[in-house]
Amino acid sequence: MDLFLQGHPLGTSFASAQGTEAPISAALPMKIHTTIDAFKGVAKPVLTTGTFDGVHLGHQVILKRLHDVARREGGESVLFTFHPHPRMVLYPQDNDLRLLNTYEEKQRLLEQAGLDHLLVVPFSRDFSRIQALDYVRDILVGQLGVHAMVIGYDHRFGRNREGDIELLRRIADVYDFRVEEIPAQEIDHVKVSSTKIREALLAGQVAKANALLGYPYMLSGVVVKGEQLGRTIGWPTANMGAIDPHKLIPADGVYAITATTRRGPFKGMMSIGVRPTVKENGERTVEAHLFGLEEEIYGEPLTVRLHQRLRDELRFESMEAMKHRIAQDKVESLEALKDIEP
């Protein structure tokens with residue numbers, strides 16, 4: 001599983017932000033804590049930990065067990081997670097990591113999954129060096145008052161990933177907390193990891209990625225003014241800017257999408273790529289055409305959900321040939337989206 005049990009400089013905070021919509025069943029409001037010191041008054045914390053990038057089906061197995069144990073114990077479910085992603089701190093020269101969720105998207109997905117408390121704190125090198133036993137004794141027990149831990153059978157934590165479930169079992173009685181293991185058969189049958197999802201998206205296999213996520217992959221940004229070439233051929237597009245620089249953008253191509261704007265939900269299609277027909281060596285852009293949208297939405301937020309990849313990005317011999325193919329793309333998009341509510 002894509003879990004990483006390491007942490008943060010104690011007492012440091014970072015700002016939370018508004019969430020985005022997510023298609024997981026609704027839950028009671030989740031409380032967000034951005035310092036360990038702020039984590040007070042929680043009855044019998046039942047805790048798991050990790051980056052949970054994607055909040056995918058494998059993560060949802062853990063969250064379901066966390067919820068069930070918390071209710072059985074008369075406690076409250078807690079995810080102890082980190083920002084930024086640990087790899088960005090431990091390997092700052094590695095610029096290849098792209099995330100499946102922005103913080104805002106992850107927050108919303110976790111809330112919709114029914115989590116009671118999200119403890120999200122900045123990650124640091126100092127915290128990554130804490131030995132596993134010290135981490136459990138001083139932080140989980142001493143500061144958070146953990147009542148029970150719910151972890152996967154293969155979870156590792158602490159400096160050099162030296163801690164595991166066997167360590168937790170040995171010390172649980174000493175420090176008076178319970179350990180709930182999610183066994184291999186419950187996790188492995190899902191066969192999901194954030195890495196597999198990233199690989200699928202980078203290959204343009206959005207349907208496969210969505211099946212592993214349990215929801216359509218999202219991109220969020222703000223509509224910016226482009227060169228307005230689309231409107232000259234009757235296909236105006238909303239150019240997405242301000243996309244989180246760490247967010248994974250799928251392979252170039254044309255996709256069937258649904259979209260959320262301030263004007264309402266829409267079906268549509270989206271092109272990712274360098275627009276080889278209209279410009280040599282162009283910059284990579286993300287452009288959406290929303291079916292039925294007639295107003296300008298410059299400066300407004302836009303969230304799209306990718307449902308199916310229709311084709312590769314193509315270089316056309318003429319603008320007329322491109323216009324004809326875009327019309328065909330719309331027909332294929334509507335067919336792909338016929339059973340999907342925007």
# chains A, B, ... in the order shown; residues from 1 in each chain; ligands from 1
call {"tool": "select_by_dssp", "arguments": {"residues": "region 150-316 of chain A", "states": "helix (DSSP H, G or I)", "output": "PyMOL selection string"}}
result
chain A and resi 159-161+165-175+184-188+194-202+206-213+229-232
call {"tool": "write_last_selection", "arguments": {"atoms": "C-alpha atoms", "output": "short mmCIF file (atom, residue, chain, number, x, y, z; two decimals), in the first residue's frame"}}
result
data_model
loop_
_atom_site.label_atom_id
_atom_site.label_comp_id
_atom_site.auth_asym_id
_atom_site.auth_seq_id
_atom_site.Cartn_x
_atom_site.Cartn_y
_atom_site.Cartn_z
CA ARG A 159 13.42 6.27 10.76
CA ASN A 160 14.58 4.04 7.92
CA ARG A 161 11.09 2.50 8.01
CA ILE A 165 3.04 -4.13 12.95
CA GLU A 166 5.07 -6.57 15.03
CA LEU A 167 6.67 -3.67 16.91
CA LEU A 168 3.23 -2.19 17.53
CA ARG A 169 1.95 -5.49 18.86
CA ARG A 170 4.90 -5.84 21.24
CA ILE A 171 4.42 -2.40 22.78
CA ALA A 172 0.63 -2.03 22.60
CA ASP A 173 0.01 -3.51 26.05
CA VAL A 174 2.80 -1.44 27.61
CA TYR A 175 1.30 1.82 26.32
CA ALA A 184 -3.30 -9.20 3.18
CA GLN A 185 -6.46 -10.74 1.77
CA GLU A 186 -8.46 -7.57 2.44
CA ILE A 187 -5.91 -5.24 0.84
CA ASP A 188 -4.30 -7.33 -1.88
CA SER A 194 -1.16 5.25 -6.22
CA THR A 195 1.78 4.30 -8.46
CA LYS A 196 -0.41 2.07 -10.65
CA ILE A 197 -2.93 4.88 -11.02
CA ARG A 198 -0.27 7.40 -11.98
CA GLU A 199 1.11 5.01 -14.58
CA ALA A 200 -2.36 4.48 -16.06
CA LEU A 201 -3.03 8.22 -16.33
CA LEU A 202 0.34 8.92 -17.90
CA VAL A 206 -8.18 7.03 -17.77
CA ALA A 207 -10.90 4.36 -17.57
CA LYS A 208 -8.44 2.02 -15.82
CA ALA A 209 -7.33 4.80 -13.46
CA ASN A 210 -10.94 5.63 -12.61
CA ALA A 211 -11.67 1.98 -11.84
CA LEU A 212 -8.75 1.92 -9.40
CA LEU A 213 -9.66 5.27 -7.85
CA LEU A 229 -8.67 30.23 -31.85
CA GLY A 230 -11.44 27.78 -30.99
CA ARG A 231 -14.17 30.36 -31.35
CA THR A 232 -12.99 31.20 -34.90
#
call {"tool": "closest_atom_pairs", "arguments": {"of": "region 77-172 of chain A", "to": "region 38-43 of chain A", "cutoff": "10 Å", "atoms": "only C-alpha atoms", "output": "tab-separated table"}}
result
residue	atom	partner	partner_atom	distance
A:Ser77	CA	A:Val42	CA	9.4
A:Val78	CA	A:Val42	CA	9.3
A:Asp116	CA	A:Val42	CA	9.8
A:His117	CA	A:Val42	CA	8.8
A:Leu118	CA	A:Phe39	CA	9.7
A:Leu119	CA	A:Phe39	CA	7.6
A:Gln143	CA	A:Phe39	CA	8.5
A:Leu144	CA	A:Phe39	CA	6.9
A:Gly145	CA	A:Val42	CA	8.6
A:Val146	CA	A:Ala43	CA	9.4
A:His147	CA	A:Ala43	CA	8.6
call {"tool": "write_last_selection", "arguments": {"atoms": "C-alpha atoms", "output": "PDB file, in the first residue's frame"}}
result
ATOM      1  CA  SER A  77     -11.618   8.047  13.482  1.00  0.00           C
ATOM      2  CA  VAL A  78      -8.410   9.967  12.734  1.00  0.00           C
ATOM      3  CA  ASP A 116     -14.103  12.235  11.834  1.00  0.00           C
ATOM      4  CA  HIS A 117     -10.725  13.988  12.123  1.00  0.00           C
ATOM      5  CA  LEU A 118      -8.007  14.940   9.659  1.00  0.00           C
ATOM      6  CA  LEU A 119      -4.690  15.783  11.343  1.00  0.00           C
ATOM      7  CA  GLN A 143       0.560  13.683  22.529  1.00  0.00           C
ATOM      8  CA  LEU A 144      -2.355  12.220  20.591  1.00  0.00           C
ATOM      9  CA  GLY A 145      -3.578   9.746  23.204  1.00  0.00           C
ATOM     10  CA  VAL A 146      -4.151   7.005  20.635  1.00  0.00           C
ATOM     11  CA  HIS A 147      -6.721   4.425  21.681  1.00  0.00           C
TER      12      HIS A 147
END
call {"tool": "residues_around", "arguments": {"residues": "region 337-342 of chain A", "least_positions_apart": "3", "cutoff": "6 Å", "atoms": "only C-alpha atoms", "output": "short mmCIF file (atom, residue, chain, number, x, y, z; two decimals) with N, CA and C atoms, in the first residue's frame"}}
result
data_model
loop_
_atom_site.label_atom_id
_atom_site.label_comp_id
_atom_site.auth_asym_id
_atom_site.auth_seq_id
_atom_site.Cartn_x
_atom_site.Cartn_y
_atom_site.Cartn_z
N THR A 258 -17.01 15.48 -17.69
CA THR A 258 -18.04 16.30 -17.08
C THR A 258 -17.34 17.43 -16.34
N PRO A 265 -23.43 22.37 -13.84
CA PRO A 265 -22.68 21.22 -14.38
C PRO A 265 -22.88 21.12 -15.90
N PHE A 266 -21.87 20.57 -16.56
CA PHE A 266 -21.92 20.41 -18.00
C PHE A 266 -21.26 19.09 -18.39
N LYS A 267 -21.68 18.56 -19.53
CA LYS A 267 -20.90 17.56 -20.22
C LYS A 267 -20.01 18.27 -21.23
N LEU A 334 -20.52 12.50 -26.38
CA LEU A 334 -21.90 12.35 -25.92
C LEU A 334 -22.26 10.87 -25.78
#
call {"tool": "closest_residue", "arguments": {"among": "A:Leu63, A:Ala203, A:Leu99, A:Leu57", "to": "Pro245 (chain A)", "atoms": "only C-alpha atoms"}}
result
A:Leu99
call {"tool": "closest_residue", "arguments": {"among": "A:Leu219, A:Val192, A:Ala113, A:Ala148", "to": "Leu100 (chain A)", "atoms": "only C-alpha atoms"}}
result
A:Leu219
call {"tool": "atom_distance", "arguments": {"atom1": "CA of Pro122 (chain A)", "atom2": "CA of Val55 (chain A)"}}
result
18.9 Å
call {"tool": "residues_around", "arguments": {"residues": "Glu181 (chain A)", "least_positions_apart": "3", "cutoff": "7 Å", "atoms": "only C-alpha atoms", "output": "PDB file with N, CA and C atoms, in the first residue's frame"}}
result
ATOM      1  N   VAL A 150      -5.104   1.385  13.325  1.00  0.00           N
ATOM      2  CA  VAL A 150      -5.558   0.518  12.235  1.00  0.00           C
ATOM      3  C   VAL A 150      -4.569   0.672  11.096  1.00  0.00           C
ATOM      4  N   ILE A 151      -3.860  -0.420  10.751  1.00  0.00           N
ATOM      5  CA  ILE A 151      -2.839  -0.336   9.705  1.00  0.00           C
ATOM      6  C   ILE A 151      -2.852  -1.590   8.851  1.00  0.00           C
ATOM      7  N   GLY A 152      -2.316  -1.450   7.639  1.00  0.00           N
ATOM      8  CA  GLY A 152      -2.171  -2.593   6.765  1.00  0.00           C
ATOM      9  C   GLY A 152      -1.073  -3.520   7.245  1.00  0.00           C
ATOM     10  N   TYR A 153      -1.156  -4.770   6.833  1.00  0.00           N
ATOM     11  CA  TYR A 153      -0.212  -5.795   7.292  1.00  0.00           C
ATOM     12  C   TYR A 153       1.237  -5.467   6.926  1.00  0.00           C
TER      13      TYR A 153
END
call {"tool": "decode", "arguments": {"residues": "region 90-102 of chain A", "atoms": "all heavy atoms", "output": "mmCIF file, in the first residue's frame"}}
result
data_model
loop_
_atom_site.group_PDB
_atom_site.id
_atom_site.type_symbol
_atom_site.label_atom_id
_atom_site.label_comp_id
_atom_site.auth_asym_id
_atom_site.auth_seq_id
_atom_site.Cartn_x
_atom_site.Cartn_y
_atom_site.Cartn_z
ATOM 1 N N LEU A 90 12.213 14.829 1.238
ATOM 2 C CA LEU A 90 13.367 13.947 1.353
ATOM 3 C C LEU A 90 14.204 13.910 0.078
ATOM 4 O O LEU A 90 15.411 13.684 0.125
ATOM 5 C CB LEU A 90 12.910 12.535 1.712
ATOM 6 C CG LEU A 90 12.224 12.396 3.074
ATOM 7 C CD1 LEU A 90 11.714 10.977 3.269
ATOM 8 C CD2 LEU A 90 13.161 12.786 4.213
ATOM 9 N N TYR A 91 13.554 14.142 -1.059
ATOM 10 C CA TYR A 91 14.269 14.102 -2.347
ATOM 11 C C TYR A 91 13.941 15.358 -3.148
ATOM 12 O O TYR A 91 13.278 15.298 -4.188
ATOM 13 C CB TYR A 91 13.874 12.843 -3.131
ATOM 14 C CG TYR A 91 14.029 11.572 -2.334
ATOM 15 C CD1 TYR A 91 12.918 10.934 -1.780
ATOM 16 C CD2 TYR A 91 15.283 11.019 -2.109
ATOM 17 C CE1 TYR A 91 13.059 9.778 -1.034
ATOM 18 C CE2 TYR A 91 15.436 9.865 -1.363
ATOM 19 C CZ TYR A 91 14.321 9.244 -0.830
ATOM 20 O OH TYR A 91 14.459 8.094 -0.088
ATOM 21 N N PRO A 92 14.389 16.516 -2.678
ATOM 22 C CA PRO A 92 14.008 17.792 -3.320
ATOM 23 C C PRO A 92 14.508 17.923 -4.754
ATOM 24 O O PRO A 92 13.962 18.735 -5.513
ATOM 25 C CB PRO A 92 14.654 18.837 -2.408
ATOM 26 C CG PRO A 92 15.757 18.121 -1.701
ATOM 27 C CD PRO A 92 15.277 16.725 -1.525
ATOM 28 N N GLN A 93 15.537 17.173 -5.146
ATOM 29 C CA GLN A 93 16.035 17.248 -6.513
ATOM 30 C C GLN A 93 15.218 16.381 -7.484
ATOM 31 O O GLN A 93 15.394 16.476 -8.701
ATOM 32 C CB GLN A 93 17.500 16.803 -6.560
ATOM 33 C CG GLN A 93 18.413 17.570 -5.621
ATOM 34 C CD GLN A 93 18.324 19.074 -5.824
ATOM 35 O OE1 GLN A 93 18.324 19.555 -6.947
ATOM 36 N NE2 GLN A 93 18.251 19.816 -4.731
ATOM 37 N N ASP A 94 14.348 15.551 -6.924
ATOM 38 C CA ASP A 94 13.503 14.690 -7.751
ATOM 39 C C ASP A 94 12.213 15.435 -8.066
ATOM 40 O O ASP A 94 11.343 15.584 -7.211
ATOM 41 C CB ASP A 94 13.198 13.383 -7.006
ATOM 42 C CG ASP A 94 12.313 12.442 -7.814
ATOM 43 O OD1 ASP A 94 11.979 12.774 -8.964
ATOM 44 O OD2 ASP A 94 11.953 11.371 -7.280
ATOM 45 N N ASN A 95 12.102 15.922 -9.278
ATOM 46 C CA ASN A 95 10.930 16.703 -9.670
ATOM 47 C C ASN A 95 9.900 15.882 -10.430
ATOM 48 O O ASN A 95 8.993 16.449 -11.055
ATOM 49 C CB ASN A 95 11.376 17.893 -10.533
ATOM 50 C CG ASN A 95 12.272 18.851 -9.769
ATOM 51 O OD1 ASN A 95 11.996 19.191 -8.628
ATOM 52 N ND2 ASN A 95 13.363 19.275 -10.401
ATOM 53 N N ASP A 96 10.037 14.561 -10.390
ATOM 54 C CA ASP A 96 9.170 13.711 -11.194
ATOM 55 C C ASP A 96 7.833 13.393 -10.526
ATOM 56 O O ASP A 96 6.885 13.005 -11.212
ATOM 57 C CB ASP A 96 9.878 12.395 -11.530
ATOM 58 C CG ASP A 96 11.071 12.601 -12.452
ATOM 59 O OD1 ASP A 96 11.070 13.608 -13.184
ATOM 60 O OD2 ASP A 96 12.000 11.768 -12.423
ATOM 61 N N LEU A 97 7.757 13.510 -9.213
ATOM 62 C CA LEU A 97 6.529 13.112 -8.527
ATOM 63 C C LEU A 97 5.375 14.041 -8.898
ATOM 64 O O LEU A 97 5.493 15.262 -8.791
ATOM 65 C CB LEU A 97 6.725 13.133 -7.006
ATOM 66 C CG LEU A 97 5.477 12.775 -6.194
ATOM 67 C CD1 LEU A 97 5.069 11.324 -6.442
ATOM 68 C CD2 LEU A 97 5.694 13.018 -4.705
ATOM 69 N N ARG A 98 4.293 13.456 -9.328
ATOM 70 C CA ARG A 98 3.053 14.194 -9.562
ATOM 71 C C ARG A 98 1.948 13.523 -8.757
ATOM 72 O O ARG A 98 1.851 12.291 -8.723
ATOM 73 C CB ARG A 98 2.711 14.219 -11.047
ATOM 74 C CG ARG A 98 3.665 15.064 -11.887
ATOM 75 C CD ARG A 98 3.581 16.533 -11.485
ATOM 76 N NE ARG A 98 4.502 17.373 -12.250
ATOM 77 C CZ ARG A 98 5.722 17.713 -11.838
ATOM 78 N NH1 ARG A 98 6.182 17.247 -10.676
ATOM 79 N NH2 ARG A 98 6.478 18.493 -12.558
ATOM 80 N N LEU A 99 1.120 14.323 -8.117
ATOM 81 C CA LEU A 99 0.134 13.821 -7.180
ATOM 82 C C LEU A 99 -1.229 13.635 -7.842
ATOM 83 O O LEU A 99 -1.590 14.350 -8.782
ATOM 84 C CB LEU A 99 0.010 14.769 -5.998
ATOM 85 C CG LEU A 99 1.309 14.990 -5.205
ATOM 86 C CD1 LEU A 99 1.071 15.965 -4.063
ATOM 87 C CD2 LEU A 99 1.853 13.662 -4.669
ATOM 88 N N LEU A 100 -1.986 12.688 -7.321
ATOM 89 C CA LEU A 100 -3.321 12.421 -7.827
ATOM 90 C C LEU A 100 -4.347 13.392 -7.270
ATOM 91 O O LEU A 100 -5.385 13.611 -7.891
ATOM 92 C CB LEU A 100 -3.724 10.983 -7.470
ATOM 93 C CG LEU A 100 -2.807 9.890 -8.022
ATOM 94 C CD1 LEU A 100 -3.213 8.528 -7.465
ATOM 95 C CD2 LEU A 100 -2.815 9.885 -9.536
ATOM 96 N N ASN A 101 -4.071 13.932 -6.103
ATOM 97 C CA ASN A 101 -4.979 14.898 -5.474
ATOM 98 C C ASN A 101 -4.232 16.153 -5.087
ATOM 99 O O ASN A 101 -3.096 16.076 -4.609
ATOM 100 C CB ASN A 101 -5.600 14.342 -4.174
ATOM 101 C CG ASN A 101 -6.496 13.152 -4.367
ATOM 102 O OD1 ASN A 101 -6.486 12.257 -3.545
ATOM 103 N ND2 ASN A 101 -7.275 13.119 -5.430
ATOM 104 N N THR A 102 -4.867 17.294 -5.245
ATOM 105 C CA THR A 102 -4.434 18.479 -4.524
ATOM 106 C C THR A 102 -4.859 18.298 -3.066
ATOM 107 O O THR A 102 -5.667 17.414 -2.743
ATOM 108 C CB THR A 102 -5.082 19.741 -5.089
ATOM 109 O OG1 THR A 102 -6.512 19.667 -4.886
ATOM 110 C CG2 THR A 102 -4.790 19.891 -6.576
#
